[in-house]
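The structure file input-v8.cif is reproduced below (mmCIF, C-alpha atoms).
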data_protein
#
loop_
_atom_site.group_PDB
_atom_site.id
_atom_site.type_symbol
_atom_site.label_atom_id
_atom_site.label_comp_id
_atom_site.auth_asym_id
_atom_site.auth_seq_id
_atom_site.Cartn_x
_atom_site.Cartn_y
_atom_site.Cartn_z
ATOM 1 C CA MET A 472 -16.221 -123.508 -248.072
ATOM 2 C CA LYS A 473 -18.583 -123.228 -250.954
ATOM 3 C CA ASP A 474 -20.057 -126.571 -250.024
ATOM 4 C CA LEU A 475 -20.826 -125.253 -246.519
ATOM 5 C CA VAL A 476 -22.487 -121.960 -247.614
ATOM 6 C CA ILE A 477 -25.152 -123.534 -249.755
ATOM 7 C CA PRO A 478 -26.584 -125.795 -246.997
ATOM 8 C CA LEU A 479 -26.557 -122.838 -244.626
ATOM 9 C CA LEU A 480 -28.554 -120.728 -247.073
ATOM 10 C CA VAL A 481 -31.051 -123.515 -247.591
ATOM 11 C CA ALA A 482 -31.440 -123.918 -243.841
ATOM 12 C CA ALA A 483 -31.897 -120.146 -243.370
ATOM 13 C CA ILE A 484 -34.513 -119.988 -246.089
ATOM 14 C CA GLY A 485 -36.365 -122.915 -244.552
ATOM 15 C CA LEU A 486 -36.267 -121.325 -241.116
ATOM 16 C CA ALA A 487 -37.540 -118.043 -242.512
ATOM 17 C CA ALA A 488 -40.332 -119.781 -244.343
ATOM 18 C CA THR A 489 -41.313 -121.609 -241.191
ATOM 19 C CA GLY A 490 -41.357 -118.390 -239.173
ATOM 20 C CA LEU A 491 -43.345 -116.557 -241.839
ATOM 21 C CA GLY A 492 -45.850 -119.382 -241.993
ATOM 22 C CA ALA A 493 -46.266 -119.240 -238.237
ATOM 23 C CA ILE A 494 -46.821 -115.496 -238.328
ATOM 24 C CA VAL A 495 -49.348 -115.783 -241.148
ATOM 25 C CA GLY A 496 -51.148 -118.606 -239.364
ATOM 26 C CA ALA A 497 -51.299 -116.660 -236.113
ATOM 27 C CA ARG A 498 -52.660 -113.597 -237.837
ATOM 28 C CA ALA A 499 -55.208 -115.677 -239.727
ATOM 29 C CA ALA A 500 -56.340 -117.287 -236.493
ATOM 30 C CA ARG A 501 -56.612 -113.869 -234.819
ATOM 31 C CA PHE A 502 -58.591 -112.485 -237.741
ATOM 32 C CA GLY A 503 -60.967 -115.459 -237.594
ATOM 33 C CA ALA A 504 -61.449 -114.990 -233.846
ATOM 34 C CA GLU A 505 -62.116 -111.286 -234.261
ATOM 35 C CA LYS A 506 -64.600 -111.978 -237.024
ATOM 36 C CA ASN A 507 -66.406 -114.545 -234.914
ATOM 37 C CA ALA A 508 -66.486 -112.111 -231.991
ATOM 38 C CA GLU A 509 -67.915 -109.372 -234.238
ATOM 39 C CA THR A 510 -70.553 -111.792 -235.522
ATOM 40 C CA VAL A 511 -71.526 -112.729 -231.990
ATOM 41 C CA ARG A 512 -71.605 -109.051 -230.984
ATOM 42 C CA ARG A 513 -73.877 -108.192 -233.898
ATOM 43 C CA GLN A 514 -76.170 -111.093 -233.087
ATOM 44 C CA VAL A 515 -76.420 -109.978 -229.464
ATOM 45 C CA GLN A 516 -77.088 -106.394 -230.492
ATOM 46 C CA ASP A 517 -79.669 -107.410 -233.073
ATOM 47 C CA GLN A 518 -81.385 -109.637 -230.527
ATOM 48 C CA GLY A 519 -81.350 -106.773 -228.042
ATOM 49 C CA ALA A 520 -82.831 -104.447 -230.653
ATOM 50 C CA VAL A 521 -85.616 -106.948 -231.370
ATOM 51 C CA GLU A 522 -86.388 -107.381 -227.677
ATOM 52 C CA HIS A 523 -86.317 -103.618 -227.138
ATOM 53 C CA GLY A 524 -88.618 -103.109 -230.106
ATOM 54 C CA HIS A 525 -91.067 -105.648 -228.685
ATOM 55 C CA TRP A 526 -90.921 -103.980 -225.253
ATOM 56 C CA LEU A 527 -91.410 -100.524 -226.778
ATOM 57 C CA ARG A 528 -94.409 -101.694 -228.793
ATOM 58 C CA GLN A 529 -96.034 -103.183 -225.687
ATOM 59 C CA GLN A 530 -95.384 -100.003 -223.702
ATOM 60 C CA ARG A 531 -96.834 -97.871 -226.470
ATOM 61 C CA LEU A 532 -99.893 -100.076 -226.827
ATOM 62 C CA SER A 533 -100.604 -99.959 -223.099
ATOM 63 C CA THR A 534 -100.075 -96.200 -222.903
ATOM 64 C CA TYR A 535 -102.167 -95.449 -225.988
ATOM 65 C CA GLU A 536 -105.023 -97.560 -224.634
ATOM 66 C CA SER A 537 -104.892 -95.923 -221.199
ATOM 67 C CA PHE A 538 -104.862 -92.488 -222.859
ATOM 68 C CA LEU A 539 -108.008 -93.315 -224.825
ATOM 69 C CA GLU A 540 -109.640 -94.681 -221.658
ATOM 70 C CA ALA A 541 -109.048 -91.351 -219.929
ATOM 71 C CA TRP A 542 -110.357 -89.558 -223.007
ATOM 72 C CA ASP A 543 -113.540 -91.671 -223.057
ATOM 73 C CA GLU A 544 -114.000 -91.009 -219.349
ATOM 74 C CA CYS A 545 -113.844 -87.269 -220.009
ATOM 75 C CA LEU A 546 -116.489 -87.605 -222.714
ATOM 76 C CA ARG A 547 -118.738 -89.644 -220.410
ATOM 77 C CA ILE A 548 -118.503 -87.087 -217.607
ATOM 78 C CA THR A 549 -119.115 -84.266 -220.069
ATOM 79 C CA GLN A 550 -122.260 -85.944 -221.387
ATOM 80 C CA VAL A 551 -123.559 -86.598 -217.874
ATOM 81 C CA SER A 552 -122.994 -82.934 -216.991
ATOM 82 C CA VAL A 553 -124.843 -81.812 -220.115
ATOM 83 C CA ASP A 554 -127.814 -84.087 -219.340
ATOM 84 C CA ALA A 555 -127.970 -82.990 -215.682
ATOM 85 C CA PRO A 556 -130.852 -80.563 -214.929
ATOM 86 C CA ASP A 557 -128.723 -78.488 -212.536
ATOM 87 C CA PRO A 558 -124.996 -78.645 -213.442
ATOM 88 C CA ASP A 559 -122.709 -77.991 -210.480
ATOM 89 C CA SER A 560 -119.048 -78.200 -209.547
ATOM 90 C CA THR A 561 -119.284 -81.900 -208.594
ATOM 91 C CA GLY A 562 -119.203 -83.125 -212.182
ATOM 92 C CA LEU A 563 -116.616 -80.485 -212.981
ATOM 93 C CA ASP A 564 -114.280 -81.835 -210.294
ATOM 94 C CA GLU A 565 -114.586 -85.300 -211.825
ATOM 95 C CA LEU A 566 -113.927 -83.898 -215.288
ATOM 96 C CA ARG A 567 -110.894 -81.974 -214.034
ATOM 97 C CA ALA A 568 -109.488 -85.154 -212.446
ATOM 98 C CA ALA A 569 -110.088 -87.186 -215.620
ATOM 99 C CA ALA A 570 -108.472 -84.474 -217.747
ATOM 100 C CA GLY A 571 -105.492 -84.553 -215.385
ATOM 101 C CA ARG A 572 -105.106 -88.296 -215.922
ATOM 102 C CA MET A 573 -105.361 -87.708 -219.645
ATOM 103 C CA ALA A 574 -102.572 -85.104 -219.492
ATOM 104 C CA GLU A 575 -100.367 -87.426 -217.426
ATOM 105 C CA ARG A 576 -100.716 -90.202 -219.993
ATOM 106 C CA ALA A 577 -100.042 -87.749 -222.811
ATOM 107 C CA ARG A 578 -96.745 -86.927 -221.097
ATOM 108 C CA ARG A 579 -95.885 -90.631 -221.040
ATOM 109 C CA ILE A 580 -96.701 -90.832 -224.749
ATOM 110 C CA ALA A 581 -94.210 -88.005 -225.274
ATOM 111 C CA LEU A 582 -91.546 -90.249 -223.714
ATOM 112 C CA LEU A 583 -92.448 -93.278 -225.823
ATOM 113 C CA GLY A 584 -93.152 -91.500 -229.115
ATOM 114 C CA PRO A 585 -93.283 -91.295 -231.968
ATOM 115 C CA GLU A 586 -93.605 -87.553 -232.556
ATOM 116 C CA GLU A 587 -96.776 -87.834 -234.670
ATOM 117 C CA VAL A 588 -98.652 -89.656 -231.898
ATOM 118 C CA THR A 589 -97.297 -87.243 -229.291
ATOM 119 C CA GLN A 590 -98.587 -84.237 -231.211
ATOM 120 C CA ALA A 591 -102.033 -85.793 -231.667
ATOM 121 C CA ALA A 592 -102.253 -86.679 -227.960
ATOM 122 C CA GLU A 593 -101.178 -83.180 -226.943
ATOM 123 C CA SER A 594 -103.798 -81.658 -229.242
ATOM 124 C CA LEU A 595 -106.557 -83.770 -227.674
ATOM 125 C CA THR A 596 -105.313 -82.977 -224.177
ATOM 126 C CA GLU A 597 -105.113 -79.231 -224.792
ATOM 127 C CA GLY A 598 -108.667 -79.221 -226.158
ATOM 128 C CA MET A 599 -109.988 -81.079 -223.121
ATOM 129 C CA GLN A 600 -108.107 -78.798 -220.737
ATOM 130 C CA GLU A 601 -109.671 -75.790 -222.444
ATOM 131 C CA ASP A 602 -113.094 -77.416 -222.102
ATOM 132 C CA VAL A 603 -112.489 -77.794 -218.376
ATOM 133 C CA GLU A 604 -111.503 -74.138 -218.065
ATOM 134 C CA VAL A 605 -114.497 -72.955 -220.106
ATOM 135 C CA SER A 606 -116.883 -75.213 -218.167
ATOM 136 C CA THR A 607 -115.447 -73.862 -214.915
ATOM 137 C CA ARG A 608 -116.091 -70.285 -216.013
ATOM 138 C CA PHE A 609 -119.580 -71.223 -217.191
ATOM 139 C CA ILE A 610 -120.558 -72.803 -213.880
ATOM 140 C CA GLN A 611 -119.021 -69.946 -211.908
ATOM 141 C CA ALA A 612 -120.854 -67.385 -214.038
ATOM 142 C CA SER A 613 -124.117 -69.301 -213.693
ATOM 143 C CA GLN A 614 -123.754 -69.619 -209.933
ATOM 144 C CA ALA A 615 -122.882 -65.925 -209.623
ATOM 145 C CA ALA A 616 -125.924 -64.933 -211.679
ATOM 146 C CA ILE A 617 -128.192 -67.195 -209.638
ATOM 147 C CA ALA A 618 -126.767 -65.837 -206.384
ATOM 148 C CA ALA A 619 -127.301 -62.270 -207.595
ATOM 149 C CA VAL A 620 -130.890 -63.015 -208.574
ATOM 150 C CA ASP A 621 -131.536 -64.705 -205.250
ATOM 151 C CA GLY A 622 -130.021 -61.714 -203.478
ATOM 152 C CA ARG A 623 -132.384 -59.334 -205.291
ATOM 153 C CA PRO A 624 -135.674 -61.226 -205.317
ATOM 154 C CA VAL A 625 -138.806 -59.944 -206.937
ATOM 155 C CA ARG A 626 -141.303 -59.683 -204.085
ATOM 156 C CA ALA A 627 -144.262 -60.934 -206.046
ATOM 157 C CA GLU A 628 -146.256 -61.797 -202.931
ATOM 158 C CA ALA A 629 -145.756 -58.316 -201.491
ATOM 159 C CA VAL A 630 -146.910 -56.803 -204.790
ATOM 160 C CA ALA A 631 -149.990 -59.047 -204.764
ATOM 161 C CA GLU A 632 -150.803 -58.101 -201.174
ATOM 162 C CA ALA A 633 -150.360 -54.374 -201.858
ATOM 163 C CA THR A 634 -152.517 -54.673 -204.971
ATOM 164 C CA GLU A 635 -155.286 -56.420 -203.051
ATOM 165 C CA GLU A 636 -155.067 -53.922 -200.198
ATOM 166 C CA CYS A 637 -155.358 -51.015 -202.621
ATOM 167 C CA ARG A 638 -158.300 -52.654 -204.396
ATOM 168 C CA GLN A 639 -160.166 -53.192 -201.150
ATOM 169 C CA ARG A 640 -159.620 -49.639 -199.968
ATOM 170 C CA ARG A 641 -160.783 -48.226 -203.304
ATOM 171 C CA ALA A 642 -163.876 -50.425 -203.176
ATOM 172 C CA GLN A 643 -164.614 -49.188 -199.670
ATOM 173 C CA LEU A 644 -164.158 -45.614 -200.852
ATOM 174 C CA ALA A 645 -166.556 -46.204 -203.737
ATOM 175 C CA GLU A 646 -169.165 -47.568 -201.329
ATOM 176 C CA LEU A 647 -168.671 -44.586 -199.031
ATOM 177 C CA MET A 648 -169.068 -42.124 -201.910
ATOM 178 C CA ASN A 649 -172.235 -43.878 -203.138
ATOM 179 C CA ALA A 650 -173.659 -43.757 -199.634
ATOM 180 C CA HIS A 651 -172.988 -40.032 -199.425
ATOM 181 C CA ARG A 652 -174.711 -39.476 -202.760
ATOM 182 C CA ASP A 653 -177.714 -41.556 -201.676
ATOM 183 C CA GLN A 654 -177.966 -39.392 -198.558
ATOM 184 C CA GLY A 655 -177.795 -36.254 -200.666
ATOM 185 C CA ARG A 656 -174.567 -35.196 -199.132
ATOM 186 C CA ASP A 657 -171.741 -33.520 -200.978
ATOM 187 C CA LEU A 658 -168.480 -35.355 -201.572
ATOM 188 C CA PRO A 659 -166.388 -32.544 -200.054
ATOM 189 C CA ASP A 660 -167.962 -33.573 -196.782
ATOM 190 C CA LEU A 661 -165.688 -36.648 -196.940
ATOM 191 C CA ASP A 662 -162.596 -34.524 -196.386
ATOM 192 C CA GLY A 663 -160.762 -35.780 -193.325
ATOM 193 C CA HIS A 664 -162.513 -39.136 -193.371
ATOM 194 C CA PRO A 665 -160.136 -41.908 -192.082
ATOM 195 C CA LEU A 666 -160.869 -44.055 -195.120
ATOM 196 C CA LEU A 667 -159.340 -41.448 -197.411
ATOM 197 C CA THR A 668 -156.080 -41.649 -195.462
ATOM 198 C CA GLU A 669 -156.151 -45.448 -195.664
ATOM 199 C CA VAL A 670 -156.737 -45.287 -199.411
ATOM 200 C CA MET A 671 -153.797 -42.929 -199.925
ATOM 201 C CA GLN A 672 -151.570 -45.137 -197.762
ATOM 202 C CA SER A 673 -152.538 -48.235 -199.727
ATOM 203 C CA ILE A 674 -151.790 -46.443 -203.010
ATOM 204 C CA GLU A 675 -148.394 -45.293 -201.733
ATOM 205 C CA GLN A 676 -147.611 -48.795 -200.473
ATOM 206 C CA PHE A 677 -148.522 -50.248 -203.860
ATOM 207 C CA ARG A 678 -146.286 -47.767 -205.665
ATOM 208 C CA GLN A 679 -143.350 -48.493 -203.381
ATOM 209 C CA VAL A 680 -143.652 -52.266 -203.525
ATOM 210 C CA SER A 681 -144.284 -52.391 -207.261
ATOM 211 C CA GLY A 682 -141.386 -49.985 -207.898
ATOM 212 C CA GLU A 683 -139.020 -52.201 -205.915
ATOM 213 C CA ALA A 684 -140.268 -55.267 -207.785
ATOM 214 C CA GLN A 685 -139.770 -53.601 -211.150
ATOM 215 C CA GLY A 686 -136.247 -52.520 -210.167
ATOM 216 C CA ALA A 687 -135.341 -56.031 -208.996
ATOM 217 C CA LEU A 688 -136.826 -57.533 -212.141
ATOM 218 C CA ARG A 689 -134.900 -55.116 -214.356
ATOM 219 C CA GLU A 690 -131.595 -55.814 -212.573
ATOM 220 C CA ASN A 691 -132.149 -59.563 -212.697
ATOM 221 C CA LEU A 692 -132.947 -59.430 -216.403
ATOM 222 C CA GLU A 693 -129.743 -57.485 -217.025
ATOM 223 C CA ARG A 694 -127.715 -60.039 -215.042
ATOM 224 C CA LEU A 695 -129.315 -62.959 -216.808
ATOM 225 C CA SER A 696 -128.838 -61.301 -220.185
ATOM 226 C CA ALA A 697 -125.131 -60.786 -219.464
ATOM 227 C CA ALA A 698 -124.803 -64.388 -218.276
ATOM 228 C CA LEU A 699 -126.587 -65.594 -221.404
ATOM 229 C CA GLY A 700 -124.208 -63.631 -223.629
ATOM 230 C CA GLU A 701 -121.221 -65.107 -221.823
ATOM 231 C CA ALA A 702 -122.738 -68.560 -222.043
ATOM 232 C CA ARG A 703 -123.156 -68.212 -225.799
ATOM 233 C CA SER A 704 -119.478 -67.383 -226.262
ATOM 234 C CA MET A 705 -118.513 -70.356 -224.093
ATOM 235 C CA VAL A 706 -120.798 -72.684 -226.043
ATOM 236 C CA ALA A 707 -119.143 -71.478 -229.241
ATOM 237 C CA VAL A 708 -115.732 -72.434 -227.825
ATOM 238 C CA LEU A 709 -116.991 -75.849 -226.688
ATOM 239 C CA THR A 710 -118.583 -76.481 -230.083
ATOM 240 C CA ARG A 711 -115.377 -75.511 -231.873
ATOM 241 C CA ASN A 712 -113.336 -77.778 -229.589
ATOM 242 C CA ARG A 713 -115.731 -80.670 -230.111
ATOM 243 C CA GLU A 714 -115.352 -80.434 -233.879
ATOM 244 C CA ALA A 715 -111.577 -80.154 -233.542
ATOM 245 C CA ARG A 716 -111.481 -83.152 -231.183
ATOM 246 C CA GLU A 717 -113.163 -85.369 -233.740
ATOM 247 C CA LEU A 718 -110.371 -84.639 -236.186
ATOM 248 C CA SER A 719 -107.688 -84.915 -233.492
ATOM 249 C CA ARG A 720 -108.952 -88.280 -232.312
ATOM 250 C CA GLU A 721 -109.025 -89.606 -235.853
ATOM 251 C CA ARG A 722 -105.473 -88.372 -236.296
ATOM 252 C CA PHE A 723 -104.385 -89.941 -232.999
ATOM 253 C CA THR A 724 -105.864 -93.357 -233.760
ATOM 254 C CA SER A 725 -104.407 -93.299 -237.270
ATOM 255 C CA THR A 726 -100.896 -92.396 -236.148
ATOM 256 C CA ALA A 727 -101.107 -94.820 -233.216
ATOM 257 C CA ARG A 728 -102.018 -97.704 -235.521
ATOM 258 C CA GLN A 729 -99.155 -96.791 -237.809
ATOM 259 C CA ALA A 730 -96.720 -96.607 -234.873
ATOM 260 C CA LEU A 731 -97.822 -99.980 -233.535
ATOM 261 C CA GLY A 732 -97.739 -101.577 -236.946
ATOM 262 C CA THR A 733 -94.275 -100.285 -237.870
ATOM 263 C CA PRO A 734 -91.405 -101.877 -235.910
ATOM 264 C CA PRO A 735 -88.651 -99.542 -234.699
ATOM 265 C CA MET A 736 -85.697 -99.275 -237.077
ATOM 266 C CA PRO A 737 -82.707 -101.288 -235.832
ATOM 267 C CA THR A 738 -79.623 -99.347 -234.853
ATOM 268 C CA GLN A 739 -77.072 -99.150 -237.679
ATOM 269 C CA HIS A 740 -73.591 -100.429 -236.798
#
Can the structure from this file be put into structure tokens for me?
Amino acid sequence: MKDLVIPLLVAAIGLAATGLGAIVGARAARFGAEKNAETVRRQVQDQGAVEHGHWLRQQRLSTYESFLEAWDECLRITQVSVDAPDPDSTGLDELRAAAGRMAERARRIALLGPEEVTQAAESLTEGMQEDVEVSTRFIQASQAAIAAVDGRPVRAEAVAEATEECRQRRAQLAELMNAHRDQGRDLPDLDGHPLLTEVMQSIEQFRQVSGEAQGALRENLERLSAALGEARSMVAVLTRNREARELSRERFTSTARQALGTPPMPTQH
């Protein structure tokens, strides 16, 4: 019996060792497969991150460039409007449209980032939008002042005609008075003479016409003075915005270069 137990124990131990080896081998193979799968997954993710980073950089570059193109267009239209002898709403409509394109591209920058570039683009856009609003008010104020002046014209020709008419009548009266003196007649004899009535009418006409001209001139000067004061305040805003834009553009280009030169950080796993 003892001789039979020992071989059975040896066989059991061998069988157990074989089973344990199989289990260990299977687990080792599974671990190796999982590790290989994780390596492949990381490689795919890293490759995807690289491709996404390249795509994002290209999208940013294109959007930044288009934003600056819209900005330069706004500056060109602004300069043309400044150089124009008679600014009107035509150039303002073009500027408003260009500023709208600039705002639309700033919104796209907000989607692409980074935050520093977004803030610089928004600052430039807000300044240009304010310029459009100020320019609109300036043109409207100028047109209103011009319309008011045109509606209350100074009748210079009427004043000149009344002045000449009065001068002629007074000259005629002087001749008539000299003639009376030469004839030895008294000046009171001229009472009721038609020329005296004509002289008085010409004087009254001159007073009326010149009074109206002075009133129109005074009102027009007041309107133009008010428009000039408003224009000065608007110019101050435009000057302030222009100085701020120079700094904002420098900030935008600096942050844009940094964003394009720095690749996006890969996602941590």
>> Which residues would end up in the selection if the PyMOL selection byres ((chain A and resi 674) around 12) were applied here, given that I need the answer as a PyMOL selection string?
In response: chain A and resi 630+632-641+667-673+675-681
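Take the PyMOL selection byres ((chain A and resi 532) around 12) and apply it to this file: it picks A:His525, A:Trp526, A:Leu527, A:Arg528, A:Gln529, A:Gln530, A:Arg531, A:Ser533, A:Thr534, A:Tyr535, A:Glu536, A:Ser537, A:Phe538, A:Leu539, A:Arg579, A:Ile580, A:Leu583, A:Gly584, A:Val588, A:Thr724, A:Ala727, A:Arg728, A:Gln729, A:Ala730, A:Leu731, A:Gly732.
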Output file for the residues above (C-alpha atoms, as a PDB file, in the frame of the given file):
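Wrote it out as selection_8.pdb, contents follow:
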ATOM      1  CA  HIS A 525     -91.067-105.648-228.685  1.00  0.00           C
ATOM      2  CA  TRP A 526     -90.921-103.980-225.253  1.00  0.00           C
ATOM      3  CA  LEU A 527     -91.410-100.524-226.778  1.00  0.00           C
ATOM      4  CA  ARG A 528     -94.409-101.694-228.793  1.00  0.00           C
ATOM      5  CA  GLN A 529     -96.034-103.183-225.687  1.00  0.00           C
ATOM      6  CA  GLN A 530     -95.384-100.003-223.702  1.00  0.00           C
ATOM      7  CA  ARG A 531     -96.834 -97.871-226.470  1.00  0.00           C
ATOM      8  CA  SER A 533    -100.604 -99.959-223.099  1.00  0.00           C
ATOM      9  CA  THR A 534    -100.075 -96.200-222.903  1.00  0.00           C
ATOM     10  CA  TYR A 535    -102.167 -95.449-225.988  1.00  0.00           C
ATOM     11  CA  GLU A 536    -105.023 -97.560-224.634  1.00  0.00           C
ATOM     12  CA  SER A 537    -104.892 -95.923-221.199  1.00  0.00           C
ATOM     13  CA  PHE A 538    -104.862 -92.488-222.859  1.00  0.00           C
ATOM     14  CA  LEU A 539    -108.008 -93.315-224.825  1.00  0.00           C
ATOM     15  CA  ARG A 579     -95.885 -90.631-221.040  1.00  0.00           C
ATOM     16  CA  ILE A 580     -96.701 -90.832-224.749  1.00  0.00           C
ATOM     17  CA  LEU A 583     -92.448 -93.278-225.823  1.00  0.00           C
ATOM     18  CA  GLY A 584     -93.152 -91.500-229.115  1.00  0.00           C
ATOM     19  CA  VAL A 588     -98.652 -89.656-231.898  1.00  0.00           C
ATOM     20  CA  THR A 724    -105.864 -93.357-233.760  1.00  0.00           C
ATOM     21  CA  ALA A 727    -101.107 -94.820-233.216  1.00  0.00           C
ATOM     22  CA  ARG A 728    -102.018 -97.704-235.521  1.00  0.00           C
ATOM     23  CA  GLN A 729     -99.155 -96.791-237.809  1.00  0.00           C
ATOM     24  CA  ALA A 730     -96.720 -96.607-234.873  1.00  0.00           C
ATOM     25  CA  LEU A 731     -97.822 -99.980-233.535  1.00  0.00           C
ATOM     26  CA  GLY A 732     -97.739-101.577-236.946  1.00  0.00           C
TER      27      GLY A 732
END
Enumerate, in order of chain and increasing residue number, the residues of stretch 593-655 of chain A with an atom no farther than 7 Å from stretch 704-718 of chain A, each with its shortest atom pair and distance in Å to one decimal, counting all atoms listed in the file, as a tab-separated table.
residue	atom	partner	partner_atom	distance
A:Leu595	CA	A:Arg716	CA	6.1
A:Gly598	CA	A:Asn712	CA	6.0
A:Asp602	CA	A:Leu709	CA	6.2
A:Val605	CA	A:Met705	CA	6.2
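The two atoms in question, atom CA of A:Ala581 and atom CA of A:Asp543, are spaced 19.8 Å apart.
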>> Once the PyMOL selection byres ((chain A and resi 565) around 12) has been evaluated on this model, what residues remain selected, and can you format them as a PyMOL selection string?
In response: chain A and resi 541+544-549+551-552+559-564+566-572+603+607
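Between atom CA of A:Gly663 and atom CA of A:Leu644 there is a distance of 12.8 Å.
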>> Using all atoms listed in the file, can you tell me which of A:Ser606, A:Ser725, A:Thr589, A:Gln614 comes closest to A:Arg576?
In response: A:Thr589
>> Would you compute the distance between atom CA of A:Ile610 and atom CA of A:Arg578? Give it in Å to one decimal.
In response: 28.6 Å
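Candidate residues A:Ala619, A:Ala627, A:Thr596, A:Phe609 were compared for distance to A:Glu693, and the nearest is A:Ala619, using all atoms listed in the file.
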> Contacts of A:Ala615 at 12 Å or less, counting all atoms listed in the file, minus same-chain residues fewer than 6 places along, as number ranges by chain?
Replying inline: A: 608-609, 621-622, 691, 694-695, 697-698
Would you pull stretch 621-679 of chain A out of the block just shown and save C-alpha atoms as a short mmCIF file (atom, residue, chain, number, x, y, z; two decimals), in the first residue's frame?
data_model
loop_
_atom_site.label_atom_id
_atom_site.label_comp_id
_atom_site.auth_asym_id
_atom_site.auth_seq_id
_atom_site.Cartn_x
_atom_site.Cartn_y
_atom_site.Cartn_z
CA ASP A 621 -28.89 124.94 -46.32
CA GLY A 622 -32.38 125.28 -44.87
CA ARG A 623 -31.53 128.70 -43.41
CA PRO A 624 -29.43 130.31 -46.13
CA VAL A 625 -27.89 133.72 -45.83
CA ARG A 626 -29.45 135.71 -48.67
CA ALA A 627 -26.31 137.56 -49.62
CA GLU A 628 -27.62 138.48 -53.06
CA ALA A 629 -30.80 139.96 -51.60
CA VAL A 630 -28.71 141.99 -49.15
CA ALA A 631 -26.52 143.23 -52.02
CA GLU A 632 -29.57 144.19 -54.09
CA ALA A 633 -31.22 146.00 -51.17
CA THR A 634 -27.96 147.81 -50.43
CA GLU A 635 -27.61 148.94 -54.04
CA GLU A 636 -31.26 149.99 -54.20
CA CYS A 637 -30.88 152.06 -51.03
CA ARG A 638 -27.68 153.65 -52.34
CA GLN A 639 -29.31 154.65 -55.60
CA ARG A 640 -32.34 156.15 -53.91
CA ARG A 641 -30.16 158.14 -51.50
CA ALA A 642 -28.08 159.40 -54.42
CA GLN A 643 -31.24 160.47 -56.22
CA LEU A 644 -32.43 162.22 -53.07
CA ALA A 645 -29.11 164.04 -52.77
CA GLU A 646 -29.40 165.23 -56.37
CA LEU A 647 -32.97 166.37 -55.75
CA MET A 648 -31.96 168.30 -52.63
CA ASN A 649 -29.05 169.98 -54.45
CA ALA A 650 -31.38 170.97 -57.26
CA HIS A 651 -33.79 172.53 -54.79
CA ARG A 652 -30.97 174.49 -53.18
CA ASP A 653 -29.72 175.68 -56.58
CA GLN A 654 -33.24 176.91 -57.33
CA GLY A 655 -33.38 178.71 -54.01
CA ARG A 656 -36.17 176.56 -52.77
CA ASP A 657 -36.55 175.34 -49.23
CA LEU A 658 -36.11 171.66 -48.41
CA PRO A 659 -39.49 171.45 -46.64
CA ASP A 660 -40.97 171.92 -50.08
CA LEU A 661 -39.88 168.32 -50.77
CA ASP A 662 -42.45 166.96 -48.34
CA GLY A 663 -44.71 164.53 -50.15
CA HIS A 664 -42.29 164.05 -53.01
CA PRO A 665 -42.52 160.44 -54.38
CA LEU A 666 -38.76 160.02 -54.13
CA LEU A 667 -38.90 160.42 -50.36
CA THR A 668 -41.33 157.50 -50.15
CA GLU A 669 -39.07 155.40 -52.38
CA VAL A 670 -36.07 156.23 -50.21
CA MET A 671 -37.89 155.21 -47.03
CA GLN A 672 -39.06 151.98 -48.67
CA SER A 673 -35.54 151.14 -49.80
CA ILE A 674 -34.21 151.78 -46.28
CA GLU A 675 -36.90 149.57 -44.74
CA GLN A 676 -36.21 146.84 -47.30
CA PHE A 677 -32.50 146.99 -46.50
CA ARG A 678 -33.17 146.70 -42.78
CA GLN A 679 -35.47 143.73 -43.24
#
